[in-house]
file structure01.cif (mmCIF, C-alpha atoms and all ligand atoms)
data_query
loop_
_atom_site.group_PDB
_atom_site.id
_atom_site.type_symbol
_atom_site.label_atom_id
_atom_site.label_comp_id
_atom_site.auth_asym_id
_atom_site.auth_seq_id
_atom_site.Cartn_x
_atom_site.Cartn_y
_atom_site.Cartn_z
ATOM 1 C CA MET V 15 68.786 3.522 -5.727
ATOM 2 C CA ILE V 16 67.618 0.004 -6.490
ATOM 3 C CA PRO V 17 64.060 -0.908 -5.362
ATOM 4 C CA SER V 18 63.566 -3.598 -2.692
ATOM 5 C CA GLN V 19 62.958 -7.129 -3.875
ATOM 6 C CA VAL V 20 59.430 -7.524 -5.188
ATOM 7 C CA ALA V 21 57.310 -10.400 -6.527
ATOM 8 C CA TYR V 22 56.019 -9.786 -10.066
ATOM 9 C CA GLN V 23 52.888 -11.121 -11.760
ATOM 10 C CA ARG V 24 51.499 -10.344 -15.204
ATOM 11 C CA PRO V 25 47.867 -11.477 -15.576
ATOM 12 C CA THR V 26 46.389 -11.583 -19.069
ATOM 13 C CA ASN V 27 42.770 -10.792 -18.234
ATOM 14 C CA ILE V 28 40.937 -8.269 -16.053
ATOM 15 C CA ASN V 29 39.290 -10.807 -13.726
ATOM 16 C CA ASP V 30 42.607 -12.444 -12.810
ATOM 17 C CA ALA V 31 44.139 -9.015 -12.153
ATOM 18 C CA LEU V 32 41.209 -7.975 -9.925
ATOM 19 C CA GLN V 33 41.408 -11.253 -7.985
ATOM 20 C CA LEU V 34 45.140 -10.746 -7.350
ATOM 21 C CA ILE V 35 44.569 -7.132 -6.273
ATOM 22 C CA ASN V 36 41.803 -8.296 -3.924
ATOM 23 C CA ASP V 37 43.800 -11.205 -2.454
ATOM 24 C CA LEU V 38 47.055 -9.285 -1.950
ATOM 25 C CA GLY V 39 45.413 -6.106 -0.602
ATOM 26 C CA ASP V 40 47.897 -3.559 0.773
ATOM 27 C CA ASP V 41 50.833 -5.800 -0.156
ATOM 28 C CA CYS V 42 50.514 -5.041 -3.877
ATOM 29 C CA LYS V 43 50.689 -2.191 -6.368
ATOM 30 C CA ILE V 44 49.359 -2.084 -9.903
ATOM 31 C CA LEU V 45 52.144 -1.537 -12.439
ATOM 32 C CA ALA V 46 51.281 0.106 -15.782
ATOM 33 C CA GLY V 47 53.959 2.104 -17.648
ATOM 34 C CA GLY V 48 56.057 2.297 -14.477
ATOM 35 C CA HIS V 49 57.132 5.859 -15.233
ATOM 36 C CA SER V 50 55.938 7.141 -11.869
ATOM 37 C CA LEU V 51 55.788 3.988 -9.746
ATOM 38 C CA ILE V 52 59.316 2.707 -10.437
ATOM 39 C CA PRO V 53 61.042 6.020 -9.552
ATOM 40 C CA VAL V 54 58.983 6.151 -6.349
ATOM 41 C CA MET V 55 60.004 2.559 -5.537
ATOM 42 C CA LYS V 56 63.647 3.377 -6.224
ATOM 43 C CA LEU V 57 63.397 6.188 -3.683
ATOM 44 C CA ARG V 58 61.736 3.659 -1.309
ATOM 45 C CA LEU V 59 58.805 6.046 -0.895
ATOM 46 C CA ASN V 60 56.651 3.098 -1.881
ATOM 47 C CA ASP V 61 57.783 -0.415 -1.106
ATOM 48 C CA PRO V 62 55.190 -2.976 -2.269
ATOM 49 C CA GLU V 63 55.865 -6.704 -1.867
ATOM 50 C CA ASN V 64 54.044 -7.521 -5.114
ATOM 51 C CA LEU V 65 53.644 -5.835 -8.473
ATOM 52 C CA ILE V 66 50.662 -6.684 -10.663
ATOM 53 C CA ASP V 67 51.662 -5.690 -14.191
ATOM 54 C CA ILE V 68 48.436 -4.992 -16.120
ATOM 55 C CA THR V 69 50.049 -4.177 -19.470
ATOM 56 C CA GLY V 70 49.608 -7.788 -20.676
ATOM 57 C CA ILE V 71 45.799 -7.389 -20.667
ATOM 58 C CA ALA V 72 44.898 -6.743 -24.318
ATOM 59 C CA GLU V 73 41.439 -5.317 -23.505
ATOM 60 C CA LEU V 74 42.992 -2.512 -21.457
ATOM 61 C CA LYS V 75 44.958 -1.243 -24.455
ATOM 62 C CA GLU V 76 41.977 -0.859 -26.784
ATOM 63 C CA ILE V 77 40.582 2.478 -27.965
ATOM 64 C CA ARG V 78 36.979 1.807 -29.057
ATOM 65 C CA ASP V 79 34.965 4.195 -31.183
ATOM 66 C CA ASN V 80 31.322 3.771 -30.090
ATOM 67 C CA GLU V 81 28.231 5.588 -31.315
ATOM 68 C CA LYS V 82 28.103 8.261 -28.589
ATOM 69 C CA SER V 83 31.511 8.009 -26.941
ATOM 70 C CA ILE V 84 35.076 6.827 -27.330
ATOM 71 C CA THR V 85 36.376 4.400 -24.727
ATOM 72 C CA ILE V 86 40.099 4.557 -24.035
ATOM 73 C CA GLY V 87 41.513 1.503 -22.238
ATOM 74 C CA ALA V 88 43.473 2.354 -19.083
ATOM 75 C CA CYS V 89 46.682 0.916 -20.563
ATOM 76 C CA ALA V 90 46.504 2.848 -23.834
ATOM 77 C CA THR V 91 49.811 4.687 -23.980
ATOM 78 C CA HIS V 92 50.129 8.399 -24.629
ATOM 79 C CA ALA V 93 51.574 7.456 -28.057
ATOM 80 C CA ASP V 94 48.548 5.223 -28.862
ATOM 81 C CA ILE V 95 46.258 8.133 -28.033
ATOM 82 C CA ALA V 96 48.297 10.738 -29.922
ATOM 83 C CA ASN V 97 47.941 8.666 -33.101
ATOM 84 C CA ASN V 98 44.274 7.692 -32.833
ATOM 85 C CA ALA V 99 42.150 8.916 -35.760
ATOM 86 C CA ALA V 100 38.759 8.638 -34.006
ATOM 87 C CA LEU V 101 39.970 10.821 -31.131
ATOM 88 C CA LYS V 102 41.482 13.339 -33.545
ATOM 89 C CA ALA V 103 38.044 13.731 -35.149
ATOM 90 C CA ALA V 104 35.891 13.682 -31.981
ATOM 91 C CA CYS V 105 38.069 15.494 -29.453
ATOM 92 C CA PRO V 106 41.239 17.023 -30.916
ATOM 93 C CA MET V 107 42.611 18.266 -27.582
ATOM 94 C CA ILE V 108 43.079 14.644 -26.409
ATOM 95 C CA PRO V 109 45.573 13.425 -29.057
ATOM 96 C CA HIS V 110 47.132 16.896 -29.086
ATOM 97 C CA ALA V 111 47.771 16.783 -25.316
ATOM 98 C CA ALA V 112 49.097 13.218 -25.613
ATOM 99 C CA SER V 113 51.609 14.306 -28.245
ATOM 100 C CA MET V 114 53.016 16.942 -25.851
ATOM 101 C CA ILE V 115 53.653 14.590 -22.908
ATOM 102 C CA GLY V 116 57.319 14.025 -22.000
ATOM 103 C CA ASP V 117 59.468 12.562 -24.756
ATOM 104 C CA ILE V 118 59.132 9.548 -27.064
ATOM 105 C CA GLN V 119 60.114 7.009 -24.384
ATOM 106 C CA VAL V 120 57.623 8.459 -21.896
ATOM 107 C CA ARG V 121 54.843 8.498 -24.509
ATOM 108 C CA ASN V 122 55.572 4.895 -25.504
ATOM 109 C CA PHE V 123 55.412 3.597 -21.914
ATOM 110 C CA GLY V 124 53.240 5.975 -19.885
ATOM 111 C CA THR V 125 49.530 5.137 -19.822
ATOM 112 C CA ILE V 126 46.470 7.319 -19.392
ATOM 113 C CA GLY V 127 45.172 5.106 -16.548
ATOM 114 C CA GLY V 128 48.516 5.237 -14.712
ATOM 115 C CA SER V 129 48.679 8.988 -15.092
ATOM 116 C CA ILE V 130 45.239 9.730 -13.674
ATOM 117 C CA ALA V 131 45.623 7.128 -10.902
ATOM 118 C CA HIS V 132 48.862 8.813 -9.871
ATOM 119 C CA ALA V 133 47.178 12.274 -10.014
ATOM 120 C CA ASP V 134 50.346 14.334 -10.223
ATOM 121 C CA PRO V 135 49.201 17.975 -10.124
ATOM 122 C CA ALA V 136 51.508 18.791 -13.069
ATOM 123 C CA ALA V 137 50.211 15.992 -15.313
ATOM 124 C CA ASP V 138 48.394 16.937 -18.509
ATOM 125 C CA TRP V 139 45.500 14.431 -18.514
ATOM 126 C CA PRO V 140 43.563 15.874 -15.546
ATOM 127 C CA ALA V 141 42.864 19.247 -17.238
ATOM 128 C CA VAL V 142 42.057 17.617 -20.556
ATOM 129 C CA LEU V 143 39.698 15.017 -19.088
ATOM 130 C CA LEU V 144 37.940 17.627 -16.913
ATOM 131 C CA ALA V 145 37.359 19.805 -19.967
ATOM 132 C CA SER V 146 36.088 16.856 -22.021
ATOM 133 C CA ASN V 147 33.504 15.799 -19.380
ATOM 134 C CA ALA V 148 35.012 12.302 -19.331
ATOM 135 C CA SER V 149 34.089 9.509 -16.954
ATOM 136 C CA VAL V 150 36.371 6.902 -15.447
ATOM 137 C CA VAL V 151 35.421 3.214 -15.389
ATOM 138 C CA VAL V 152 36.664 1.524 -12.216
ATOM 139 C CA LYS V 153 36.378 -2.195 -11.417
ATOM 140 C CA SER V 154 36.918 -4.487 -8.434
ATOM 141 C CA VAL V 155 35.942 -8.071 -7.644
ATOM 142 C CA ASN V 156 32.630 -6.626 -6.415
ATOM 143 C CA GLY V 157 31.687 -5.047 -9.729
ATOM 144 C CA GLN V 158 32.032 -1.888 -11.792
ATOM 145 C CA ARG V 159 31.281 1.802 -11.262
ATOM 146 C CA GLU V 160 31.682 4.846 -13.477
ATOM 147 C CA VAL V 161 33.012 7.993 -11.829
ATOM 148 C CA ASP V 162 32.199 11.410 -13.261
ATOM 149 C CA ILE V 163 35.500 13.207 -13.896
ATOM 150 C CA ASP V 164 34.311 16.170 -11.795
ATOM 151 C CA GLN V 165 34.298 13.786 -8.799
ATOM 152 C CA PHE V 166 37.506 11.928 -9.640
ATOM 153 C CA PHE V 167 40.443 14.129 -8.501
ATOM 154 C CA LYS V 168 40.346 14.559 -4.734
ATOM 155 C CA GLY V 169 43.663 16.282 -3.931
ATOM 156 C CA LEU V 170 47.423 16.004 -4.258
ATOM 157 C CA PHE V 171 48.026 12.445 -5.580
ATOM 158 C CA GLN V 172 44.503 11.538 -4.429
ATOM 159 C CA THR V 173 41.619 10.196 -6.468
ATOM 160 C CA ALA V 174 38.246 8.501 -6.076
ATOM 161 C CA VAL V 175 39.818 5.066 -6.747
ATOM 162 C CA GLU V 176 39.392 2.926 -3.638
ATOM 163 C CA ASP V 177 41.387 0.004 -2.236
ATOM 164 C CA GLY V 178 40.909 -3.123 -4.335
ATOM 165 C CA GLU V 179 39.871 -1.117 -7.416
ATOM 166 C CA MET V 180 41.515 -0.731 -10.800
ATOM 167 C CA ILE V 181 40.809 1.847 -13.515
ATOM 168 C CA THR V 182 39.869 -0.055 -16.654
ATOM 169 C CA ALA V 183 38.846 2.725 -19.060
ATOM 170 C CA ILE V 184 38.171 6.402 -19.632
ATOM 171 C CA ARG V 185 35.054 7.340 -21.578
ATOM 172 C CA ILE V 186 34.988 10.493 -23.709
ATOM 173 C CA PRO V 187 31.541 11.687 -24.844
ATOM 174 C CA LYS V 188 31.219 12.643 -28.504
ATOM 175 C CA THR V 189 29.861 16.183 -28.167
ATOM 176 C CA GLY V 190 29.923 19.487 -29.999
ATOM 177 C CA PHE V 191 32.154 21.042 -27.325
ATOM 178 C CA ASN V 192 34.707 18.240 -27.601
ATOM 179 C CA LYS V 193 34.916 18.723 -31.367
ATOM 180 C CA ASN V 194 35.924 22.331 -30.712
ATOM 181 C CA SER V 195 38.633 21.778 -28.103
ATOM 182 C CA THR V 196 42.277 22.522 -27.480
ATOM 183 C CA TYR V 197 45.056 22.160 -24.908
ATOM 184 C CA VAL V 198 47.982 24.501 -24.326
ATOM 185 C CA LYS V 199 50.704 24.383 -21.702
ATOM 186 C CA PHE V 200 53.717 26.174 -20.312
ATOM 187 C CA VAL V 201 56.188 23.321 -19.934
ATOM 188 C CA GLN V 202 58.845 22.520 -17.415
ATOM 189 C CA PRO V 203 61.671 22.382 -19.955
ATOM 190 C CA ALA V 204 63.369 19.211 -18.679
ATOM 191 C CA SER V 205 60.408 16.890 -18.047
ATOM 192 C CA ARG V 206 57.730 18.611 -20.182
ATOM 193 C CA PHE V 207 55.273 18.374 -17.252
ATOM 194 C CA ALA V 208 52.843 21.317 -17.132
ATOM 195 C CA ILE V 209 53.805 24.276 -14.980
ATOM 196 C CA VAL V 210 50.442 25.505 -16.247
ATOM 197 C CA GLY V 211 48.171 23.580 -18.623
ATOM 198 C CA CYS V 212 44.807 24.844 -19.860
ATOM 199 C CA ALA V 213 42.239 22.688 -21.664
ATOM 200 C CA ALA V 214 39.110 24.196 -23.171
ATOM 201 C CA ALA V 215 36.129 22.711 -24.978
ATOM 202 C CA ILE V 216 33.473 25.057 -26.308
ATOM 203 C CA ASP V 217 30.108 24.765 -27.988
ATOM 204 C CA LYS V 218 28.600 28.241 -27.642
ATOM 205 C CA ASP V 219 25.049 26.853 -27.924
ATOM 206 C CA SER V 220 25.380 24.197 -25.245
ATOM 207 C CA GLU V 221 28.466 23.761 -23.074
ATOM 208 C CA ILE V 222 31.705 25.539 -22.194
ATOM 209 C CA ARG V 223 34.343 23.758 -20.106
ATOM 210 C CA VAL V 224 37.707 25.247 -19.116
ATOM 211 C CA ALA V 225 40.126 23.334 -16.853
ATOM 212 C CA PHE V 226 43.648 23.641 -15.500
ATOM 213 C CA SER V 227 46.551 21.366 -14.567
ATOM 214 C CA GLY V 228 49.635 22.559 -12.730
ATOM 215 C CA VAL V 229 48.003 25.561 -11.101
ATOM 216 C CA SER V 230 46.855 23.982 -7.834
ATOM 217 C CA ALA V 231 47.351 20.681 -6.006
ATOM 218 C CA THR V 232 44.004 19.508 -7.371
ATOM 219 C CA PRO V 233 43.204 20.082 -11.042
ATOM 220 C CA PHE V 234 40.052 22.140 -11.454
ATOM 221 C CA ARG V 235 37.479 23.633 -13.802
ATOM 222 C CA ASP V 236 37.297 27.422 -13.689
ATOM 223 C CA THR V 237 33.540 27.888 -13.541
ATOM 224 C CA GLY V 238 34.029 31.680 -13.257
ATOM 225 C CA ILE V 239 35.481 31.714 -16.790
ATOM 226 C CA GLU V 240 32.864 29.247 -18.055
ATOM 227 C CA ASN V 241 29.956 31.325 -16.731
ATOM 228 C CA ALA V 242 31.405 34.626 -17.966
ATOM 229 C CA LEU V 243 31.798 33.200 -21.476
ATOM 230 C CA LYS V 244 28.256 31.809 -21.354
ATOM 231 C CA GLU V 245 27.037 35.331 -20.500
ATOM 232 C CA GLY V 246 28.740 36.558 -23.665
ATOM 233 C CA GLN V 247 31.725 38.302 -22.052
ATOM 234 C CA SER V 248 34.905 38.660 -24.087
ATOM 235 C CA VAL V 249 37.835 36.284 -23.482
ATOM 236 C CA GLU V 250 39.778 39.174 -21.927
ATOM 237 C CA SER V 251 37.039 40.033 -19.463
ATOM 238 C CA ALA V 252 36.135 36.374 -18.706
ATOM 239 C CA THR V 253 39.724 35.605 -17.682
ATOM 240 C CA ALA V 254 40.214 38.747 -15.568
ATOM 241 C CA ASN V 255 39.593 36.925 -12.263
ATOM 242 C CA ILE V 256 41.231 33.638 -13.136
ATOM 243 C CA ALA V 257 41.499 30.873 -10.510
ATOM 244 C CA GLU V 258 39.395 32.850 -8.052
ATOM 245 C CA GLY V 259 39.168 31.054 -4.709
ATOM 246 C CA VAL V 260 41.777 28.499 -5.774
ATOM 247 C CA SER V 261 44.902 27.893 -3.698
ATOM 248 C CA VAL V 262 47.603 28.419 -6.336
ATOM 249 C CA MET V 263 50.792 26.339 -5.956
ATOM 250 C CA SER V 264 54.136 27.982 -5.378
ATOM 251 C CA ASP V 265 57.444 26.190 -5.916
ATOM 252 C CA HIS V 266 60.934 26.707 -7.339
ATOM 253 C CA PHE V 267 59.572 26.463 -10.907
ATOM 254 C CA ALA V 268 56.991 29.222 -10.478
ATOM 255 C CA LYS V 269 55.802 31.284 -7.529
ATOM 256 C CA ALA V 270 52.039 31.556 -6.995
ATOM 257 C CA ASN V 271 51.598 35.034 -8.506
ATOM 258 C CA TYR V 272 53.618 34.113 -11.620
ATOM 259 C CA ARG V 273 51.681 30.837 -11.987
ATOM 260 C CA LYS V 274 48.400 32.731 -11.779
ATOM 261 C CA HIS V 275 49.652 35.169 -14.417
ATOM 262 C CA LEU V 276 50.619 32.214 -16.646
ATOM 263 C CA ALA V 277 47.190 30.649 -16.132
ATOM 264 C CA GLY V 278 45.640 33.839 -17.550
ATOM 265 C CA VAL V 279 48.026 33.943 -20.498
ATOM 266 C CA TYR V 280 47.439 30.278 -21.368
ATOM 267 C CA ALA V 281 43.670 30.479 -20.860
ATOM 268 C CA ARG V 282 43.532 33.389 -23.324
ATOM 269 C CA LYS V 283 45.727 31.412 -25.742
ATOM 270 C CA ALA V 284 43.372 28.403 -25.588
ATOM 271 C CA LEU V 285 40.134 30.370 -25.695
ATOM 272 C CA SER V 286 41.146 32.644 -28.538
ATOM 273 C CA GLN V 287 41.668 29.512 -30.664
ATOM 274 C CA LEU V 288 38.091 28.380 -30.009
ATOM 275 C CA VAL V 289 35.807 31.378 -29.473
HETATM 276 C C1 LIG M 1 60.820 11.946 -17.661
HETATM 277 C C2 LIG M 1 59.322 11.960 -17.547
HETATM 278 C C3 LIG M 1 58.610 12.967 -18.139
HETATM 279 C C4 LIG M 1 57.225 13.019 -18.044
HETATM 280 N N1 LIG M 1 56.558 14.045 -18.631
HETATM 281 C C5 LIG M 1 55.226 14.132 -18.479
HETATM 282 C C6 LIG M 1 54.478 15.213 -19.066
HETATM 283 O O1 LIG M 1 55.007 16.080 -19.763
HETATM 284 N N2 LIG M 1 53.151 15.236 -18.853
HETATM 285 C C7 LIG M 1 52.488 14.265 -18.119
HETATM 286 O O2 LIG M 1 51.272 14.350 -17.958
HETATM 287 N N3 LIG M 1 53.148 13.228 -17.604
HETATM 288 C C8 LIG M 1 54.491 13.133 -17.753
HETATM 289 N N4 LIG M 1 55.155 12.066 -17.214
HETATM 290 C C9 LIG M 1 54.371 11.004 -16.517
HETATM 291 C C10 LIG M 1 54.081 9.818 -17.457
HETATM 292 O O3 LIG M 1 53.456 10.318 -18.561
HETATM 293 C C11 LIG M 1 53.113 8.711 -16.914
HETATM 294 O O4 LIG M 1 51.829 8.982 -17.340
HETATM 295 C C12 LIG M 1 52.985 8.623 -15.490
HETATM 296 O O5 LIG M 1 54.285 8.355 -15.041
HETATM 297 C C13 LIG M 1 52.062 7.495 -14.957
HETATM 298 O O6 LIG M 1 51.716 6.529 -15.898
HETATM 299 P P1 LIG M 1 52.321 5.065 -15.888
HETATM 300 O O7 LIG M 1 51.548 4.287 -16.894
HETATM 301 O O8 LIG M 1 53.788 5.115 -16.037
HETATM 302 O O9 LIG M 1 51.895 4.547 -14.423
HETATM 303 P P2 LIG M 1 52.730 3.747 -13.316
HETATM 304 O O10 LIG M 1 53.980 4.462 -12.980
HETATM 305 O O11 LIG M 1 52.850 2.319 -13.681
HETATM 306 O O12 LIG M 1 51.686 3.863 -12.100
HETATM 307 C C14 LIG M 1 51.465 5.089 -11.458
HETATM 308 C C15 LIG M 1 50.504 4.869 -10.279
HETATM 309 O O13 LIG M 1 49.200 4.542 -10.753
HETATM 310 C C16 LIG M 1 48.782 3.242 -10.292
HETATM 311 N N5 LIG M 1 48.079 2.635 -11.456
HETATM 312 C C17 LIG M 1 48.585 2.438 -12.698
HETATM 313 N N6 LIG M 1 47.628 1.984 -13.524
HETATM 314 C C18 LIG M 1 46.487 1.896 -12.786
HETATM 315 C C19 LIG M 1 45.144 1.487 -13.077
HETATM 316 N N7 LIG M 1 44.765 1.100 -14.300
HETATM 317 N N8 LIG M 1 44.227 1.526 -12.074
HETATM 318 C C20 LIG M 1 44.578 1.945 -10.824
HETATM 319 N N9 LIG M 1 45.835 2.328 -10.487
HETATM 320 C C21 LIG M 1 46.772 2.311 -11.454
HETATM 321 C C22 LIG M 1 50.048 2.527 -9.886
HETATM 322 O O14 LIG M 1 49.829 1.552 -8.895
HETATM 323 C C23 LIG M 1 50.902 3.696 -9.360
HETATM 324 O O15 LIG M 1 50.490 4.020 -8.061
HETATM 325 C C24 LIG M 1 56.531 11.996 -17.314
HETATM 326 C C25 LIG M 1 57.245 10.960 -16.715
HETATM 327 C C26 LIG M 1 58.637 10.930 -16.828
HETATM 328 C C27 LIG M 1 59.380 9.797 -16.176
#

call {"tool": "encode", "arguments": {"input": "structure01.cif", "output": "structure tokens", "more": "lines below"}}
Ligand SMILES: Cc1cc2nc3c(=O)[nH]c(=O)nc-3n(C[C@H](O)[C@H](O)[C@H](O)COP(=O)(O)OP(=O)(O)OC[C@H]3O[C@@H](n4cnc5c(N)ncnc54)[C@H](O)[C@@H]3O)c2cc1C
result
Amino acid sequence: MIPSQVAYQRPTNINDALQLINDLGDDCKILAGGHSLIPVMKLRLNDPENLIDITGIAELKEIRDNEKSITIGACATHADIANNAALKAACPMIPHAASMIGDIQVRNFGTIGGSIAHADPAADWPAVLLASNASVVVKSVNGQREVDIDQFFKGLFQTAVEDGEMITAIRIPKTGFNKNSTYVKFVQPASRFAIVGCAAAIDKDSEIRVAFSGVSATPFRDTGIENALKEGQSVESATANIAEGVSVMSDHFAKANYRKHLAGVYARKALSQLV
């Protein structure tokens, strides 16, 4: 289907974009890579009158290597991230996960900001960013706030981003656990989305973070596994009660019990690389 007629604007700086988003309110949608929004518009599930294309804002594409963190602009594409040397050194699971997203076209257009704003439960970034203890920089005409990743994903396609706000960056702390990190996934063979994705970041002396995409409507950290590993349990024993208390998704790709089984298999795969 062809989307309804829509007005299109492409601001070249953040303030102009925020002003447009504020002035147009519910009548506009932010457009980044368009790989989720355009299909949804074609199906007329979303029918905005205005599109604010933010990919012309140079600042949003930057990946900056700071002293204690790396800041990834919201419009950095998956391909930009997959090829970034600073991220490869500080947090290998991030470029590795980026390199596994979709195909070349998807990686060249899809953006990290668009992906986490969309909050598809099968997307790869949620697990990886939860495991990395990232934070999300969000701006509006009223100012800026930084949302801890543990507070960011609120449910199926729901996040902490409020009306009038735009994600401008994702901040990754440079830590010991991020240096020792990995991401593995069981892919949906056509799209490459995660039926189950497991990200893990481990520094045995300080922090252990293990997170999942694809398993439930909301991506989550498995604190049961984290605590068991901190107590010194083996990978096998720590993953015995995986996703406890989590409502596991069931669909035509994988029923809940099979998905839970896969979560265990992929958690053990990730953890055995790191522990
Ligand atoms: C064939 C195919 C295969 C794919 N495979 C995978 C895969 O294997 N793994 C995976 O994780 N993903 C996959 N994707 C998703 C893709 O990687 C994109 O990340 C995703 O579509 C959203 O990013 P986008 O930049 O295209 O956002 P858009 O489609 O432009 O926007 C998505 C939503 O986010 C909002 N938005 C965009 N940017 C911002 C911002 N900065 N602040 C606030 N709101 C914003 C938009 O208004 C819209 O609601 C696939 C997509 C396709 C089409």

call {"tool": "residues_near_ligand", "arguments": {"input": "structure01.cif", "ligand": "ligand LIG 1 (chain M)", "cutoff": "6 Å", "atoms": "all atoms listed in the file", "output": "JSON, numbers by chain"}}
result
{"V": [43, 44, 45, 46, 47, 48, 49, 50, 51, 88, 115, 116, 120, 124, 125, 126, 127, 128, 129, 131, 132, 137, 138, 139, 180, 181, 182, 205, 206, 207]}

call {"tool": "closest_residue", "arguments": {"input": "structure01.cif", "among": "V:Ala213, V:Ile66, V:Ala183, V:Leu285", "to": "Ala141 of chain V", "atoms": "only C-alpha atoms"}}
result
V:Ala213

call {"tool": "closest_residue", "arguments": {"input": "structure01.cif", "among": "V:Gln23, V:Ser113, V:Thr85, V:Asn98", "to": "Val151 of chain V", "atoms": "all atoms listed in the file"}}
result
V:Thr85

call {"tool": "closest_residue", "arguments": {"input": "structure01.cif", "among": "V:Thr253, V:Ser220, V:Asn64, V:Asn29", "to": "Gly157 of chain V", "atoms": "all atoms listed in the file"}}
result
V:Asn29

call {"tool": "resolve_selection", "arguments": {"input": "structure01.cif", "expression": "the PyMOL selection byres (((chain V and resi 71) around 7) and not hetatm)", "output": "PyMOL selection string"}}
result
chain V and resi 25-28+68-70+72-74

call {"tool": "closest_residue", "arguments": {"input": "structure01.cif", "among": "V:Ile186, V:Leu57, V:Ile130, V:Ile256", "to": "Leu101 of chain V", "atoms": "only C-alpha atoms"}}
result
V:Ile186

call {"tool": "build_atoms", "arguments": {"input": "structure01.cif", "residues": "segment 128-133 of chain V", "atoms": "all heavy atoms", "output": "short mmCIF file (atom, residue, chain, number, x, y, z; two decimals), in the frame of the given file"}}
result
data_model
loop_
_atom_site.label_atom_id
_atom_site.label_comp_id
_atom_site.auth_asym_id
_atom_site.auth_seq_id
_atom_site.Cartn_x
_atom_site.Cartn_y
_atom_site.Cartn_z
N GLY V 128 47.46 5.04 -15.72
CA GLY V 128 48.52 5.24 -14.71
C GLY V 128 48.65 6.71 -14.35
O GLY V 128 48.82 7.06 -13.19
N SER V 129 48.53 7.55 -15.35
CA SER V 129 48.68 8.99 -15.09
C SER V 129 47.56 9.51 -14.20
O SER V 129 47.82 10.20 -13.21
CB SER V 129 48.71 9.76 -16.42
OG SER V 129 48.79 11.12 -16.17
N ILE V 130 46.32 9.16 -14.51
CA ILE V 130 45.24 9.73 -13.67
C ILE V 130 45.16 9.06 -12.31
O ILE V 130 44.76 9.67 -11.33
CB ILE V 130 43.86 9.77 -14.38
CG1 ILE V 130 43.35 8.38 -14.71
CG2 ILE V 130 43.91 10.64 -15.62
CD1 ILE V 130 41.88 8.40 -15.15
N ALA V 131 45.60 7.78 -12.22
CA ALA V 131 45.62 7.13 -10.90
C ALA V 131 46.67 7.79 -10.02
O ALA V 131 46.47 7.96 -8.82
CB ALA V 131 45.93 5.64 -11.06
N HIS V 132 47.78 8.18 -10.63
CA HIS V 132 48.86 8.81 -9.87
C HIS V 132 48.45 10.23 -9.44
O HIS V 132 48.81 10.70 -8.37
CB HIS V 132 50.12 8.85 -10.77
CG HIS V 132 51.36 9.25 -10.06
ND1 HIS V 132 51.83 8.58 -8.95
CD2 HIS V 132 52.24 10.26 -10.29
CE1 HIS V 132 52.95 9.17 -8.54
NE2 HIS V 132 53.21 10.19 -9.33
N ALA V 133 47.71 10.93 -10.31
CA ALA V 133 47.18 12.27 -10.01
C ALA V 133 48.26 13.28 -9.62
O ALA V 133 48.11 14.04 -8.65
CB ALA V 133 46.08 12.20 -8.94
#
